[in-house]
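What follows is one structure encoded as structure tokens, with my remarks underneath.
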Amino acid sequence: MSDERLLLSDKYKAFLRCNAPAEFLEGTTAAGKTTVGLFKFMLKVAESPKKLHILAADDTGAAEKNIINKDLGIVDDFGKLVEYRGNGSGEYKMPHLLFHAPGGDKIIFVVGYGNKRKWKDALGGQYGCLYIDEINTADIDFVREASMRCDYLMATLNPDDPNLDVYKEYINCSRPLPEWEKETPQEIKDELKEEPKTGWVHWFFSFVDNLGLSKEKREKIIQNTPKGTKIWKNKIQGLRGKATGLIFPNFDRKKHVVSAAWVKNQIKSGKIKFKKFTAGLAPSYSSKTKDTISMLFQGITEDRKLITLSERVYSNVELDQPLAPSDTAVKFVEFLECCRKEWGFAKDVFVDSADQATITELRKYKRLKGCLYNFIDSYKKVEILDRIKLQLGWIQQGCYLVVDTCTEHLSELEKYSWDDKKDKPEDRNDHTVNAQQYAWIPYRQMIGFEEEQK
């Protein structure tokens with residue numbers, strides 16, 4: 001392979017030099033992830049002391065087309081050093097690549113993770129290197145089985161639905177290298193929050209990293225993708241999100257996310273004056289679901305903007321000692337006190353009326369210990385669809401802002417989706433959404449602007 005054929009950006013050169021046990025290559029379409037990733041994978045195979053390795057795609061046909069025989073694919077890069085035996089041969093009856101590496105011949109099994117029966121037959125024993133193409137679409141059982149059998153894992157992916165198990169169990173356990181962290185979108189860095197696995201590296205690649213992509217080709221890809229759609233977000237911006245059905249598609253971090261410092265500077269200069277503070281609590285005590293105990297604190301300004309200023313979120317799934325309603329009462333009051341000192345006083349706060357156990361504990365806390373707050377049952381006569389309609393309008397008007405430290409709420413705004421089978425929202429990714437709705441429902445007449453009647 002000549003340098004003239006594969007032009008490498010500084011980031012891709014750093015990627016080729018990086019020595020890590022697992023690497024995840026995420027980013028925009030046409031970023032060169034597969035092209036450069038395959039080249040490094042083959043170098044890792046050559047270095048490995050093991051003879052057997054795995055290359056996985058949706059099926060063997062996809063592997064042949066998009067990995068093995070494509071321009072700047074394995075055969076193109078390594079020429080006579082590689083023989084593809086699609087029907088197997090000799091000792092190995094399944095499709096494989098015979099790689100004449102400097103240290104001796106290597107076998108790379110070509111596995112389709114889309115057929116469970118076939119990949120179960122393929123897995124057995126230990127392997128050196130594992131390459132998984134588009135890991136976001138792979139059978140999670142295959143990922144679990146195969147990854148535990150290898151010394152080195154490389155996976156490519158296009159951003160997808162962040163609720164997929166592969167994110168929580170694998171991708172979000174990786175981290176960008178410090179020198180490249182600033183080039184990873186904040187939205188993705190916010191998602192990389194699972195307990196880090198030692199040495200696992202996350203790489204984000206975009207159009208600019210692919211020096212082999214002409215300006216004309218890049219502009220054509222961008223021009224042919226409808227702006228503002230989910231495919232634009234996934235493929236062009238390289239950001240995660242469900243392909244269809246997002247409830248708040250008009251929420252844009254560049255327009256609607258601010259820093260706490262910015263809000264405080266606006267207050268200091270007199271450009272923001274808060275008229276009302278409010279808070280909401282949406283509890284969930286399950287240790288089996290991803291639902292959370294969500295606390296949101298908001299301010300309504302004199303110019304009719306609603307700003308989500310602070311959040312606190314707990315998940316009993318992740319706690320060694322699960323929280324009970326009595327624990328939540330203490331933590332909610334602590335949260336309100338922190339917000340009062342930083343932002344202002346919310347005298348009336350609103351708690352999910354369906355959770356009378358928590359409301360009872362809060363009122364008991366007030367009766368026995370005394371506190372400043374009135375704990376009020378949430379008002380649910382404003383139906384969910386009407387709440388969503390109001391919120392969509394406020395977002396469109398620029399009247400709905402979120403402080404950037406409210407990472408869980410931001411994540412839910414970008415995940416909360418319609419049920420594919422029913423004309424209603426999914427019952428997930430909505431606990432901070434519910435909490436903030438409980439907080440603003442009583443004051444909804446103070447937010448946003450009525451549309452002009454024509």
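Please note that chains go A, B, ... in the order of the structure tokens, that every chain numbers its residues from 1, and that ligands are numbered from 1 in the order shown.
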
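Proximity to Asn136 in chain A at 7 Å, evaluated using only C-alpha atoms and with sequence-adjacent residues fewer than 6 positions away removed, yields A:Leu157, A:Asp160, A:Val166.
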
I'd like the neighbourhood of Thr198 in chain A as a count of residues only, where a residue qualifies if any of its atoms comes within 10 Å (using only C-alpha atoms), though same-chain residues fewer than 2 positions away should be ignored.
10

I need the helix (DSSP H, G or I) residues of range 187-263 of chain A per DSSP on the backbone, written as a PyMOL selection string.
chain A and resi 187-191+207-209+215-223+230-236+253-256+260-263

What separation in Å, quoted to one decimal, exists between CA of Asn69 in chain A and CA of Asp141 in chain A?
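A separation of 27.5 Å between them.
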
Identify all residues of range 240-395 of chain A in strand (DSSP E or B) (DSSP on the backbone) and supply them as a PyMOL selection string.
chain A and resi 246+257-258+274-282+293-301+306-314+348-351+374-377

From the options A:Pro226, A:Pro442, A:Gly448, A:Gly393, which residue's atoms come nearest to Thr301 in chain A, counting only C-alpha atoms?
A:Gly448

Could you give me, as a PyMOL selection string, the residues within 7 Å of range 379-391 of chain A, counting only C-alpha atoms and dropping anything in the same chain fewer than 3 positions from it?
chain A and resi 394-395+438

Let me see the file: selected residues, C-alpha atoms, as a tab-separated table (two decimals), in the first residue's frame.
chain	number	residue	atom	x	y	z
A	394	TRP	CA	-41.26	26.92	23.79
A	395	ILE	CA	-38.23	25.20	22.28
A	438	TYR	CA	-44.47	18.73	37.16

Might you pull out every residue within 12 Å of Lys276 in chain A, with only C-alpha atoms counted and same-chain residues fewer than 6 positions away left off, and present them as an mmCIF file with N, CA, C and O atoms, in the first residue's frame?
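As a result, result_19.cif now contains:
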data_model
loop_
_atom_site.group_PDB
_atom_site.id
_atom_site.type_symbol
_atom_site.label_atom_id
_atom_site.label_comp_id
_atom_site.auth_asym_id
_atom_site.auth_seq_id
_atom_site.Cartn_x
_atom_site.Cartn_y
_atom_site.Cartn_z
ATOM 1 N N PHE A 297 -34.720 21.424 39.020
ATOM 2 C CA PHE A 297 -34.961 22.772 39.554
ATOM 3 C C PHE A 297 -34.946 23.752 38.384
ATOM 4 O O PHE A 297 -34.024 23.716 37.553
ATOM 5 N N GLN A 298 -35.970 24.613 38.301
ATOM 6 C CA GLN A 298 -36.110 25.515 37.160
ATOM 7 C C GLN A 298 -36.420 26.935 37.591
ATOM 8 O O GLN A 298 -36.924 27.175 38.701
ATOM 9 N N GLY A 299 -36.109 27.865 36.702
ATOM 10 C CA GLY A 299 -36.453 29.264 36.920
ATOM 11 C C GLY A 299 -37.213 29.808 35.724
ATOM 12 O O GLY A 299 -36.905 29.467 34.576
ATOM 13 N N ILE A 300 -38.208 30.641 35.990
ATOM 14 C CA ILE A 300 -38.982 31.306 34.936
ATOM 15 C C ILE A 300 -38.618 32.788 34.970
ATOM 16 O O ILE A 300 -38.687 33.437 36.021
ATOM 17 N N THR A 301 -38.209 33.312 33.824
ATOM 18 C CA THR A 301 -37.728 34.690 33.770
ATOM 19 C C THR A 301 -38.859 35.661 33.448
ATOM 20 O O THR A 301 -39.934 35.262 32.986
ATOM 21 N N GLU A 302 -38.585 36.931 33.679
ATOM 22 C CA GLU A 302 -39.578 37.966 33.376
ATOM 23 C C GLU A 302 -39.871 38.054 31.889
ATOM 24 O O GLU A 302 -40.954 38.501 31.495
ATOM 25 N N ASP A 303 -38.909 37.645 31.042
ATOM 26 C CA ASP A 303 -39.172 37.659 29.594
ATOM 27 C C ASP A 303 -39.662 36.293 29.101
ATOM 28 O O ASP A 303 -39.477 35.934 27.945
ATOM 29 N N ARG A 304 -40.275 35.521 30.028
ATOM 30 C CA ARG A 304 -41.055 34.327 29.709
ATOM 31 C C ARG A 304 -40.231 33.141 29.220
ATOM 32 O O ARG A 304 -40.708 32.302 28.466
ATOM 33 N N LYS A 305 -38.987 33.038 29.680
ATOM 34 C CA LYS A 305 -38.161 31.880 29.374
ATOM 35 C C LYS A 305 -38.167 30.927 30.570
ATOM 36 O O LYS A 305 -38.210 31.351 31.720
ATOM 37 N N LEU A 306 -38.115 29.626 30.263
ATOM 38 C CA LEU A 306 -37.999 28.601 31.282
ATOM 39 C C LEU A 306 -36.590 28.021 31.195
ATOM 40 O O LEU A 306 -36.180 27.532 30.142
ATOM 41 N N ILE A 307 -35.841 28.103 32.301
ATOM 42 C CA ILE A 307 -34.461 27.620 32.309
ATOM 43 C C ILE A 307 -34.332 26.491 33.327
ATOM 44 O O ILE A 307 -34.610 26.678 34.517
ATOM 45 N N TRP A 343 -29.346 29.610 43.410
ATOM 46 C CA TRP A 343 -30.212 30.279 42.451
ATOM 47 C C TRP A 343 -31.332 31.099 43.103
ATOM 48 O O TRP A 343 -31.520 32.259 42.763
ATOM 49 N N GLY A 344 -32.076 30.491 43.995
ATOM 50 C CA GLY A 344 -33.207 31.190 44.591
ATOM 51 C C GLY A 344 -34.165 30.212 45.248
ATOM 52 O O GLY A 344 -33.978 28.992 45.188
ATOM 53 N N PHE A 345 -35.216 30.729 45.830
ATOM 54 C CA PHE A 345 -36.122 29.950 46.667
ATOM 55 C C PHE A 345 -37.364 29.521 45.891
ATOM 56 O O PHE A 345 -38.085 30.351 45.337
ATOM 57 N N ALA A 346 -37.611 28.203 45.866
ATOM 58 C CA ALA A 346 -38.841 27.656 45.287
ATOM 59 C C ALA A 346 -39.711 27.182 46.453
ATOM 60 O O ALA A 346 -39.492 26.094 46.995
ATOM 61 N N LYS A 347 -40.660 27.985 46.859
ATOM 62 C CA LYS A 347 -41.475 27.654 48.044
ATOM 63 C C LYS A 347 -42.350 26.434 47.797
ATOM 64 O O LYS A 347 -42.441 25.532 48.628
ATOM 65 N N ASP A 348 -43.020 26.404 46.631
ATOM 66 C CA ASP A 348 -43.887 25.280 46.281
ATOM 67 C C ASP A 348 -43.152 24.359 45.315
ATOM 68 O O ASP A 348 -42.673 24.810 44.263
ATOM 69 N N VAL A 349 -43.072 23.075 45.668
ATOM 70 C CA VAL A 349 -42.407 22.106 44.792
ATOM 71 C C VAL A 349 -43.374 20.941 44.569
ATOM 72 O O VAL A 349 -44.241 20.666 45.398
ATOM 73 N N ALA A 439 -42.906 20.546 37.497
ATOM 74 C CA ALA A 439 -42.474 21.841 38.038
ATOM 75 C C ALA A 439 -43.110 23.019 37.306
ATOM 76 O O ALA A 439 -43.480 24.011 37.932
ATOM 77 N N TRP A 440 -43.239 22.919 35.967
ATOM 78 C CA TRP A 440 -43.729 24.101 35.236
ATOM 79 C C TRP A 440 -45.225 24.103 34.955
ATOM 80 O O TRP A 440 -45.791 25.160 34.617
ATOM 81 N N PRO A 442 -47.943 24.240 36.773
ATOM 82 C CA PRO A 442 -48.759 25.269 37.438
ATOM 83 C C PRO A 442 -48.468 26.692 36.948
ATOM 84 O O PRO A 442 -49.274 27.597 37.164
ATOM 85 N N TYR A 443 -47.317 26.871 36.294
ATOM 86 C CA TYR A 443 -46.899 28.211 35.873
ATOM 87 C C TYR A 443 -46.810 28.329 34.357
ATOM 88 O O TYR A 443 -46.163 29.242 33.825
ATOM 89 N N ARG A 444 -47.477 27.432 33.638
ATOM 90 C CA ARG A 444 -47.324 27.391 32.179
ATOM 91 C C ARG A 444 -47.783 28.667 31.491
ATOM 92 O O ARG A 444 -47.299 29.002 30.410
ATOM 93 N N MET A 446 -47.017 31.513 32.313
ATOM 94 C CA MET A 446 -45.943 32.506 32.450
ATOM 95 C C MET A 446 -44.809 32.261 31.456
ATOM 96 O O MET A 446 -43.819 32.993 31.453
ATOM 97 N N ILE A 447 -44.935 31.209 30.621
ATOM 98 C CA ILE A 447 -43.825 30.792 29.751
ATOM 99 C C ILE A 447 -44.220 30.898 28.281
ATOM 100 O O ILE A 447 -45.336 30.533 27.900
#

Tell me, as a VMD selection string, which residues lie within 6 Å of range 207-210 of chain A, counting only C-alpha atoms; anything in the same chain fewer than 2 positions away does not count.
chain A and resid 9 31 to 32 212 to 213

Serialized selection, C-alpha atoms, as a PDB file, in the first residue's frame:
ATOM      1  CA  SER A   9      -4.587  12.839   8.995  1.00  0.00           C
ATOM      2  CA  ALA A  31     -14.908   9.441   7.715  1.00  0.00           C
ATOM      3  CA  GLY A  32     -12.558   6.614   6.683  1.00  0.00           C
ATOM      4  CA  GLY A 212      -8.850  11.004   0.843  1.00  0.00           C
ATOM      5  CA  LEU A 213     -12.387  12.415   0.613  1.00  0.00           C
TER       6      LEU A 213
END

For Gly398 in chain A, which of A:Val257, A:Ile221, A:Val45, A:Ile107 is the closest residue, counting only C-alpha atoms?
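Residue with the minimum atom-to-atom distance to Gly398 in chain A: A:Val257.
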
What is the distance, in Å and to one decimal place, between CA of Thr225 in chain A and CA of Phe251 in chain A?
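Computed distance, CA of Thr225 in chain A to CA of Phe251 in chain A, equals 19.1 Å.
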
Please provide as a ChimeraX atom specification all residues within 7 Å of Lys51 in chain A, with the sequence filter that same-chain residues fewer than 2 positions apart are discarded (counting only C-alpha atoms).
/A:49,53,106-107

Quick one: write out the picked residues with all heavy atoms as an mmCIF file, in the first residue's frame?
data_model
loop_
_atom_site.group_PDB
_atom_site.id
_atom_site.type_symbol
_atom_site.label_atom_id
_atom_site.label_comp_id
_atom_site.auth_asym_id
_atom_site.auth_seq_id
_atom_site.Cartn_x
_atom_site.Cartn_y
_atom_site.Cartn_z
ATOM 1 N N PRO A 49 0.606 -13.224 18.744
ATOM 2 C CA PRO A 49 1.211 -14.566 18.826
ATOM 3 C C PRO A 49 0.220 -15.677 18.481
ATOM 4 O O PRO A 49 0.629 -16.805 18.220
ATOM 5 C CB PRO A 49 1.638 -14.664 20.301
ATOM 6 C CG PRO A 49 0.731 -13.727 21.040
ATOM 7 C CD PRO A 49 0.446 -12.601 20.082
ATOM 8 N N HIS A 53 -8.069 -15.639 14.362
ATOM 9 C CA HIS A 53 -8.640 -14.311 14.592
ATOM 10 C C HIS A 53 -10.046 -14.275 13.979
ATOM 11 O O HIS A 53 -10.427 -15.189 13.232
ATOM 12 C CB HIS A 53 -7.741 -13.240 13.970
ATOM 13 C CG HIS A 53 -6.296 -13.388 14.383
ATOM 14 N ND1 HIS A 53 -5.761 -12.754 15.465
ATOM 15 C CD2 HIS A 53 -5.300 -14.161 13.849
ATOM 16 C CE1 HIS A 53 -4.488 -13.091 15.602
ATOM 17 N NE2 HIS A 53 -4.185 -13.955 14.633
ATOM 18 N N LYS A 106 -1.576 -16.637 9.359
ATOM 19 C CA LYS A 106 -2.668 -16.392 10.293
ATOM 20 C C LYS A 106 -3.992 -16.731 9.602
ATOM 21 O O LYS A 106 -4.135 -16.533 8.396
ATOM 22 C CB LYS A 106 -2.700 -14.926 10.724
ATOM 23 C CG LYS A 106 -1.367 -14.377 11.229
ATOM 24 C CD LYS A 106 -1.034 -14.874 12.619
ATOM 25 C CE LYS A 106 0.258 -14.230 13.136
ATOM 26 N NZ LYS A 106 0.581 -14.652 14.504
ATOM 27 N N ILE A 107 -4.940 -17.186 10.401
ATOM 28 C CA ILE A 107 -6.286 -17.471 9.907
ATOM 29 C C ILE A 107 -7.253 -16.456 10.510
ATOM 30 O O ILE A 107 -7.311 -16.299 11.730
ATOM 31 C CB ILE A 107 -6.734 -18.899 10.287
ATOM 32 C CG1 ILE A 107 -5.783 -19.942 9.697
ATOM 33 C CG2 ILE A 107 -8.179 -19.148 9.831
ATOM 34 C CD1 ILE A 107 -5.782 -20.005 8.183
#

Do a neighbour search on Ile222 in chain A at 12 Å with only C-alpha atoms, toss out local chain neighbours closer than 6 positions, and write the hits as a ChimeraX atom specification.
/A:28-30,207,215-216,228,231-233,235-237

Could you turn the residues from that selection into a file that holds all heavy atoms, as a short mmCIF file (atom, residue, chain, number, x, y, z; two decimals), in the first residue's frame?
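The new file again-v6.cif reads:
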data_model
loop_
_atom_site.label_atom_id
_atom_site.label_comp_id
_atom_site.auth_asym_id
_atom_site.auth_seq_id
_atom_site.Cartn_x
_atom_site.Cartn_y
_atom_site.Cartn_z
N THR A 28 -18.93 10.26 11.78
CA THR A 28 -19.80 10.54 10.64
C THR A 28 -19.63 9.47 9.57
O THR A 28 -18.70 8.65 9.62
CB THR A 28 -19.46 11.91 10.02
OG1 THR A 28 -18.17 11.82 9.38
CG2 THR A 28 -19.43 13.01 11.06
N THR A 29 -20.52 9.49 8.60
CA THR A 29 -20.34 8.66 7.43
C THR A 29 -19.13 9.16 6.64
O THR A 29 -18.74 10.33 6.76
CB THR A 29 -21.61 8.68 6.56
OG1 THR A 29 -21.50 7.70 5.54
CG2 THR A 29 -21.85 10.05 5.93
N ALA A 30 -18.53 8.32 5.83
CA ALA A 30 -17.42 8.68 4.94
C ALA A 30 -16.25 9.32 5.68
O ALA A 30 -15.54 10.16 5.15
CB ALA A 30 -17.90 9.63 3.84
N PHE A 207 -15.59 13.91 8.70
CA PHE A 207 -15.15 14.17 7.33
C PHE A 207 -13.73 14.74 7.28
O PHE A 207 -12.94 14.38 6.41
CB PHE A 207 -16.08 15.19 6.66
CG PHE A 207 -17.49 14.72 6.45
CD1 PHE A 207 -18.56 15.44 6.97
CD2 PHE A 207 -17.76 13.58 5.73
CE1 PHE A 207 -19.86 15.03 6.77
CE2 PHE A 207 -19.06 13.15 5.52
CZ PHE A 207 -20.12 13.88 6.05
N LYS A 215 -13.36 17.40 -1.64
CA LYS A 215 -14.31 18.44 -1.22
C LYS A 215 -15.63 18.28 -1.97
O LYS A 215 -16.72 18.44 -1.39
CB LYS A 215 -13.72 19.83 -1.50
CG LYS A 215 -14.62 20.97 -1.05
CD LYS A 215 -13.97 22.31 -1.35
CE LYS A 215 -14.88 23.46 -0.95
NZ LYS A 215 -14.28 24.79 -1.27
N GLU A 216 -15.57 17.93 -3.24
CA GLU A 216 -16.76 17.76 -4.05
C GLU A 216 -17.62 16.60 -3.54
O GLU A 216 -18.84 16.71 -3.44
CB GLU A 216 -16.39 17.51 -5.52
CG GLU A 216 -15.73 18.69 -6.23
CD GLU A 216 -14.30 18.94 -5.80
OE1 GLU A 216 -13.66 17.98 -5.29
OE2 GLU A 216 -13.82 20.08 -5.97
N GLY A 228 -31.61 18.74 9.34
CA GLY A 228 -32.57 18.74 10.43
C GLY A 228 -33.20 17.40 10.71
O GLY A 228 -33.90 17.23 11.71
N ILE A 231 -31.29 11.40 10.22
CA ILE A 231 -30.16 10.87 9.44
C ILE A 231 -29.07 11.93 9.31
O ILE A 231 -27.88 11.63 9.29
CB ILE A 231 -30.63 10.34 8.06
CG1 ILE A 231 -29.51 9.50 7.43
CG2 ILE A 231 -31.07 11.46 7.14
CD1 ILE A 231 -29.93 8.75 6.19
N TRP A 232 -29.48 13.20 9.26
CA TRP A 232 -28.49 14.31 9.26
C TRP A 232 -27.70 14.27 10.56
O TRP A 232 -26.48 14.40 10.57
CB TRP A 232 -29.22 15.65 9.09
CG TRP A 232 -28.33 16.84 9.22
CD1 TRP A 232 -27.98 17.48 10.38
CD2 TRP A 232 -27.66 17.54 8.17
NE1 TRP A 232 -27.14 18.54 10.11
CE2 TRP A 232 -26.92 18.60 8.77
CE3 TRP A 232 -27.61 17.40 6.78
CZ2 TRP A 232 -26.16 19.49 8.02
CZ3 TRP A 232 -26.84 18.29 6.03
CH2 TRP A 232 -26.12 19.32 6.66
N LYS A 233 -28.42 14.11 11.66
CA LYS A 233 -27.76 14.09 12.97
C LYS A 233 -26.80 12.91 13.08
O LYS A 233 -25.66 13.05 13.53
CB LYS A 233 -28.81 14.02 14.08
CG LYS A 233 -28.22 14.06 15.49
CD LYS A 233 -29.32 14.14 16.52
CE LYS A 233 -28.73 14.31 17.91
NZ LYS A 233 -29.75 14.47 18.95
N LYS A 235 -25.56 10.76 10.54
CA LYS A 235 -24.56 10.55 9.49
C LYS A 235 -23.66 11.76 9.24
O LYS A 235 -22.47 11.60 8.95
CB LYS A 235 -25.25 10.17 8.18
CG LYS A 235 -26.09 8.90 8.25
CD LYS A 235 -25.24 7.67 8.38
CE LYS A 235 -26.09 6.41 8.21
NZ LYS A 235 -25.27 5.18 8.30
N ILE A 236 -24.23 12.96 9.32
CA ILE A 236 -23.46 14.17 8.99
C ILE A 236 -22.81 14.78 10.22
O ILE A 236 -21.65 15.17 10.21
CB ILE A 236 -24.35 15.22 8.28
CG1 ILE A 236 -25.03 14.58 7.05
CG2 ILE A 236 -23.53 16.44 7.89
CD1 ILE A 236 -24.09 14.01 6.01
N GLN A 237 -23.57 14.84 11.33
CA GLN A 237 -23.00 15.39 12.56
C GLN A 237 -22.30 14.33 13.39
O GLN A 237 -21.50 14.67 14.25
CB GLN A 237 -24.10 16.05 13.39
CG GLN A 237 -24.71 17.29 12.73
CD GLN A 237 -25.80 17.90 13.60
OE1 GLN A 237 -26.82 17.28 13.87
NE2 GLN A 237 -25.58 19.12 14.05
#
